[in-house]
Amino acid sequence: MTKIMHEKLNLSSGSPVKIKWCDYDYFKFPWHFHEEYEIVYILKSTGTRFVGNNVELFSDEDLVLLGSSVPHMYRNDIQYYQNDPKYRVNAITLQFSKDFFHYSLQQYPEFSKIKKLLEDAKYGIYFEKDANKTIRKRITKALRLSGLDLLLETIKILSMMSQSQEKRLLRDESEDTLINIHDKDPRIIKVKAFLHREYTKAITLQDIADIAGMNVSAFCRYFLEKTSKTCFQYINELRISYACKLLLERRLTITQICYETGYNNISNFNRQFKKIMGYTPTEYILEFNKAV
């Protein structure tokens, strides 16, 4: 089982928000989590970012929002560990309590978009570079603030993040990564519930279409419209998310995980894993082991 550190941030008494300028030779925190939400804005640095099951390269201007208790870690490229002064980590972290303006989020409609943003943050949220420059500038300016000014600016930054159209969810360790709690159509809710229950089994399009009460061709169009994915894309992402969880637990071999997650041959499993994660299962484990 991979060890994970519980970081205690100890936000100062009376203030639910903490902002920090980071100037390191390299990122030193291991695989860890904390109860506070965290915005990580990397102005200058390169390496690999781990958020739950998600493994991606990061570079200058990388901006991510992490939810409460989401496991994460940043590992720099090899040149950062060779005492070369040309390579430094410059970053800003903005951390705030999970109870920060909780009552407002629950009671006031003006905060509905921020509420949805923070709900989605349990998956980790990445903000595309070119389209979110204004948010990055606000975070940089917030370094000069404290007290009430910093509290209000944090709410403004979250509001801007919630309205951004150029952001995407990162994957996490839960099996329900792809569930949208805001689905209103009872048919798609029923279909997703079936898929999340049965995705490790051999299921056909006919089986799924029957759940929706539609013929196969109509169902395929319907599912694509509702999810922007084909049904088999959706199933493969569920399976690979589960495979990542099993790989990090280190209880089963890759071949065992292949069959445990619903694939009937290792080559197809490796191909789907590489397509979705950008690494083969072996490479995924090696990348993670380098950082812990």
# chains A, B, ... in the order shown; residues from 1 in each chain; ligands from 1
$ select_by_dssp --residues "segment 150-277 of chain A" --states "alpha helix (DSSP H)" --output "PyMOL selection string"
chain A and resi 150-163+186-198+205-212+216-227+231-249+254-260+266-277
$ select_by_dssp --residues "segment 124-259 of chain A" --states "strand (DSSP E)" --output "list in words"
Ile125, Tyr126, Phe127, Lys167, Arg168 and Leu169 of chain A
$ residues_around --residues "segment 51-54 of chain A" --least-positions-apart "5" --cutoff "12 Å" --atoms "only C-alpha atoms" --output "tab-separated table (two decimals) with C-alpha atoms, in the first residue's frame"
chain	number	residue	atom	x	y	z
A	4	ILE	CA	0.36	9.06	2.09
A	31	TRP	CA	2.51	12.23	-1.74
A	32	HIS	CA	0.19	14.00	0.72
A	33	PHE	CA	-3.22	15.52	1.42
A	40	VAL	CA	-1.46	26.02	-6.84
A	64	VAL	CA	-4.80	23.90	-10.48
A	65	LEU	CA	-7.53	23.95	-7.82
A	66	LEU	CA	-7.41	21.01	-5.40
A	67	GLY	CA	-10.32	19.99	-3.20
A	69	SER	CA	-8.28	15.86	1.17
A	70	VAL	CA	-7.33	15.26	-2.48
A	71	PRO	CA	-3.97	13.38	-2.58
A	72	HIS	CA	-1.39	15.22	-4.65
A	73	MET	CA	2.30	15.73	-5.28
A	74	TYR	CA	4.61	17.70	-7.58
A	75	ARG	CA	7.90	16.17	-8.75
A	121	ALA	CA	-12.54	20.37	-6.91
A	122	LYS	CA	-12.60	16.89	-5.38
A	123	TYR	CA	-11.50	15.77	-8.86
A	124	GLY	CA	-8.85	18.49	-9.16
A	125	ILE	CA	-9.45	21.24	-11.74
A	126	TYR	CA	-6.91	22.44	-14.30
A	169	LEU	CA	-11.43	18.03	-14.40
A	170	LEU	CA	-8.44	15.93	-13.46
A	171	ARG	CA	-9.00	12.34	-12.47
A	172	ASP	CA	-9.14	11.21	-8.86
A	173	GLU	CA	-9.00	7.84	-7.08
A	174	SER	CA	-12.72	7.26	-6.73
A	175	GLU	CA	-14.64	4.92	-9.00
A	177	THR	CA	-14.94	10.01	-11.30
A	237	GLU	CA	-12.54	5.45	-18.56
A	238	LEU	CA	-14.34	3.85	-15.63
A	240	ILE	CA	-8.93	2.56	-16.27
A	241	SER	CA	-9.77	4.79	-13.29
A	242	TYR	CA	-10.32	1.63	-11.25
A	243	ALA	CA	-7.12	0.11	-12.68
A	244	CYS	CA	-5.12	3.15	-11.48
A	245	LYS	CA	-6.50	2.70	-7.98
A	246	LEU	CA	-5.52	-0.98	-7.99
A	247	LEU	CA	-2.04	-0.22	-9.36
A	248	LEU	CA	-1.33	2.22	-6.53
A	249	GLU	CA	-2.56	-0.28	-3.94
A	273	PHE	CA	-4.53	2.47	-20.44
A	276	ILE	CA	-6.42	7.39	-21.51
A	277	MET	CA	-3.52	7.97	-19.10
A	278	GLY	CA	-0.68	8.70	-21.53
A	279	TYR	CA	1.42	5.93	-19.95
A	281	PRO	CA	0.54	0.54	-16.65
A	284	TYR	CA	2.50	4.72	-14.71
A	285	ILE	CA	3.88	2.80	-11.71
A	287	GLU	CA	6.49	7.51	-12.75
A	288	PHE	CA	4.69	7.33	-9.43
$ closest_atom_pairs --of "segment 105-134 of chain A" --to "segment 145-156 of chain A" --cutoff "12 Å" --atoms "only C-alpha atoms" --output "Markdown table"
| residue | atom | partner | partner_atom | distance |
| --- | --- | --- | --- | --- |
| A:Leu105 | CA | A:Ile155 | CA | 11.1 |
| A:Glu110 | CA | A:Ile155 | CA | 11.6 |
| A:Phe111 | CA | A:Ile155 | CA | 9.5 |
| A:Lys113 | CA | A:Ile155 | CA | 11.5 |
| A:Ile114 | CA | A:Ile155 | CA | 8.5 |
| A:Lys115 | CA | A:Ile155 | CA | 11.3 |
| A:Leu117 | CA | A:Ile155 | CA | 11.8 |
| A:Leu118 | CA | A:Ile155 | CA | 11.7 |
| A:Thr134 | CA | A:Lys156 | CA | 11.5 |
$ residues_around --residues "Val89 of chain A" --least-positions-apart "6" --cutoff "10 Å" --atoms "only C-alpha atoms" --output "MDAnalysis selection string"
chainID A and resid 22:27 42:46 60 76 80
$ residues_around --residues "Ile188 of chain A" --least-positions-apart "3" --cutoff "9 Å" --atoms "only C-alpha atoms" --output "list in words"
Asp183, Lys184, Asp185, Val191, Lys192, Ala193, Ala212, Tyr222, Phe223 and Lys226 of chain A
$ write_last_selection --atoms "all heavy atoms" --output "PDB file, in the first residue's frame"
ATOM      1  N   ASP A 183     -26.906  15.744 -13.246  1.00  0.00           N
ATOM      2  CA  ASP A 183     -27.762  15.163 -14.274  1.00  0.00           C
ATOM      3  C   ASP A 183     -29.231  15.277 -13.863  1.00  0.00           C
ATOM      4  O   ASP A 183     -29.596  14.960 -12.729  1.00  0.00           O
ATOM      5  CB  ASP A 183     -27.423  13.681 -14.482  1.00  0.00           C
ATOM      6  CG  ASP A 183     -26.146  13.491 -15.276  1.00  0.00           C
ATOM      7  OD1 ASP A 183     -25.866  14.327 -16.146  1.00  0.00           O
ATOM      8  OD2 ASP A 183     -25.436  12.507 -15.022  1.00  0.00           O
ATOM      9  N   LYS A 184     -30.067  15.706 -14.771  1.00  0.00           N
ATOM     10  CA  LYS A 184     -31.504  15.858 -14.498  1.00  0.00           C
ATOM     11  C   LYS A 184     -32.339  14.792 -15.189  1.00  0.00           C
ATOM     12  O   LYS A 184     -33.435  14.474 -14.754  1.00  0.00           O
ATOM     13  CB  LYS A 184     -31.983  17.250 -14.943  1.00  0.00           C
ATOM     14  CG  LYS A 184     -31.214  18.416 -14.323  1.00  0.00           C
ATOM     15  CD  LYS A 184     -31.363  18.468 -12.817  1.00  0.00           C
ATOM     16  CE  LYS A 184     -30.646  19.704 -12.250  1.00  0.00           C
ATOM     17  NZ  LYS A 184     -30.673  19.724 -10.781  1.00  0.00           N
ATOM     18  N   ASP A 185     -31.836  14.267 -16.304  1.00  0.00           N
ATOM     19  CA  ASP A 185     -32.578  13.294 -17.094  1.00  0.00           C
ATOM     20  C   ASP A 185     -32.576  11.943 -16.383  1.00  0.00           C
ATOM     21  O   ASP A 185     -31.511  11.329 -16.206  1.00  0.00           O
ATOM     22  CB  ASP A 185     -31.916  13.171 -18.468  1.00  0.00           C
ATOM     23  CG  ASP A 185     -32.698  12.272 -19.416  1.00  0.00           C
ATOM     24  OD1 ASP A 185     -33.469  11.419 -18.941  1.00  0.00           O
ATOM     25  OD2 ASP A 185     -32.512  12.418 -20.642  1.00  0.00           O
ATOM     26  N   VAL A 191     -28.949   4.860 -16.656  1.00  0.00           N
ATOM     27  CA  VAL A 191     -27.900   4.236 -17.458  1.00  0.00           C
ATOM     28  C   VAL A 191     -26.552   4.321 -16.751  1.00  0.00           C
ATOM     29  O   VAL A 191     -25.804   3.338 -16.656  1.00  0.00           O
ATOM     30  CB  VAL A 191     -27.827   4.889 -18.854  1.00  0.00           C
ATOM     31  CG1 VAL A 191     -26.552   4.459 -19.587  1.00  0.00           C
ATOM     32  CG2 VAL A 191     -29.051   4.526 -19.673  1.00  0.00           C
ATOM     33  N   LYS A 192     -26.222   5.513 -16.232  1.00  0.00           N
ATOM     34  CA  LYS A 192     -24.931   5.677 -15.552  1.00  0.00           C
ATOM     35  C   LYS A 192     -24.851   4.797 -14.309  1.00  0.00           C
ATOM     36  O   LYS A 192     -23.801   4.213 -14.007  1.00  0.00           O
ATOM     37  CB  LYS A 192     -24.707   7.144 -15.182  1.00  0.00           C
ATOM     38  CG  LYS A 192     -24.326   8.020 -16.358  1.00  0.00           C
ATOM     39  CD  LYS A 192     -23.986   9.423 -15.872  1.00  0.00           C
ATOM     40  CE  LYS A 192     -23.526  10.311 -17.014  1.00  0.00           C
ATOM     41  NZ  LYS A 192     -23.156  11.664 -16.545  1.00  0.00           N
ATOM     42  N   ALA A 193     -25.954   4.717 -13.574  1.00  0.00           N
ATOM     43  CA  ALA A 193     -25.962   3.868 -12.382  1.00  0.00           C
ATOM     44  C   ALA A 193     -25.665   2.414 -12.772  1.00  0.00           C
ATOM     45  O   ALA A 193     -24.906   1.716 -12.079  1.00  0.00           O
ATOM     46  CB  ALA A 193     -27.314   3.964 -11.685  1.00  0.00           C
ATOM     47  N   ALA A 212     -32.145   1.923 -21.093  1.00  0.00           N
ATOM     48  CA  ALA A 212     -32.700   3.222 -21.476  1.00  0.00           C
ATOM     49  C   ALA A 212     -34.039   3.096 -22.189  1.00  0.00           C
ATOM     50  O   ALA A 212     -34.711   4.104 -22.437  1.00  0.00           O
ATOM     51  CB  ALA A 212     -31.710   3.964 -22.376  1.00  0.00           C
ATOM     52  N   TYR A 222     -28.046   9.285 -28.352  1.00  0.00           N
ATOM     53  CA  TYR A 222     -28.496   9.897 -27.090  1.00  0.00           C
ATOM     54  C   TYR A 222     -27.343   9.984 -26.093  1.00  0.00           C
ATOM     55  O   TYR A 222     -27.105  11.040 -25.480  1.00  0.00           O
ATOM     56  CB  TYR A 222     -29.641   9.059 -26.529  1.00  0.00           C
ATOM     57  CG  TYR A 222     -30.004   9.343 -25.089  1.00  0.00           C
ATOM     58  CD1 TYR A 222     -30.768  10.452 -24.747  1.00  0.00           C
ATOM     59  CD2 TYR A 222     -29.587   8.476 -24.080  1.00  0.00           C
ATOM     60  CE1 TYR A 222     -31.104  10.696 -23.420  1.00  0.00           C
ATOM     61  CE2 TYR A 222     -29.922   8.723 -22.760  1.00  0.00           C
ATOM     62  CZ  TYR A 222     -30.678   9.831 -22.434  1.00  0.00           C
ATOM     63  OH  TYR A 222     -31.007  10.065 -21.125  1.00  0.00           O
ATOM     64  N   PHE A 223     -26.592   8.894 -25.941  1.00  0.00           N
ATOM     65  CA  PHE A 223     -25.514   8.863 -24.953  1.00  0.00           C
ATOM     66  C   PHE A 223     -24.405   9.843 -25.333  1.00  0.00           C
ATOM     67  O   PHE A 223     -23.867  10.554 -24.477  1.00  0.00           O
ATOM     68  CB  PHE A 223     -24.952   7.445 -24.834  1.00  0.00           C
ATOM     69  CG  PHE A 223     -24.047   7.250 -23.650  1.00  0.00           C
ATOM     70  CD1 PHE A 223     -24.568   6.889 -22.418  1.00  0.00           C
ATOM     71  CD2 PHE A 223     -22.678   7.451 -23.751  1.00  0.00           C
ATOM     72  CE1 PHE A 223     -23.742   6.721 -21.313  1.00  0.00           C
ATOM     73  CE2 PHE A 223     -21.840   7.291 -22.661  1.00  0.00           C
ATOM     74  CZ  PHE A 223     -22.379   6.921 -21.436  1.00  0.00           C
ATOM     75  N   LYS A 226     -25.480  13.322 -24.471  1.00  0.00           N
ATOM     76  CA  LYS A 226     -25.527  13.593 -23.035  1.00  0.00           C
ATOM     77  C   LYS A 226     -24.150  13.658 -22.380  1.00  0.00           C
ATOM     78  O   LYS A 226     -23.961  14.366 -21.394  1.00  0.00           O
ATOM     79  CB  LYS A 226     -26.359  12.525 -22.323  1.00  0.00           C
ATOM     80  CG  LYS A 226     -27.851  12.591 -22.604  1.00  0.00           C
ATOM     81  CD  LYS A 226     -28.460  13.849 -22.012  1.00  0.00           C
ATOM     82  CE  LYS A 226     -29.963  13.917 -22.216  1.00  0.00           C
ATOM     83  NZ  LYS A 226     -30.536  15.158 -21.655  1.00  0.00           N
TER      84      LYS A 226
END
$ closest_residue --among "A:Pro30, A:Leu63, A:Thr48, A:Lys18" --to "Ile78 of chain A" --atoms "only C-alpha atoms"
A:Thr48
$ closest_residue --among "A:Thr261, A:Ser112, A:Ser162, A:Ser68" --to "Ile135 of chain A" --atoms "only C-alpha atoms"
A:Ser162
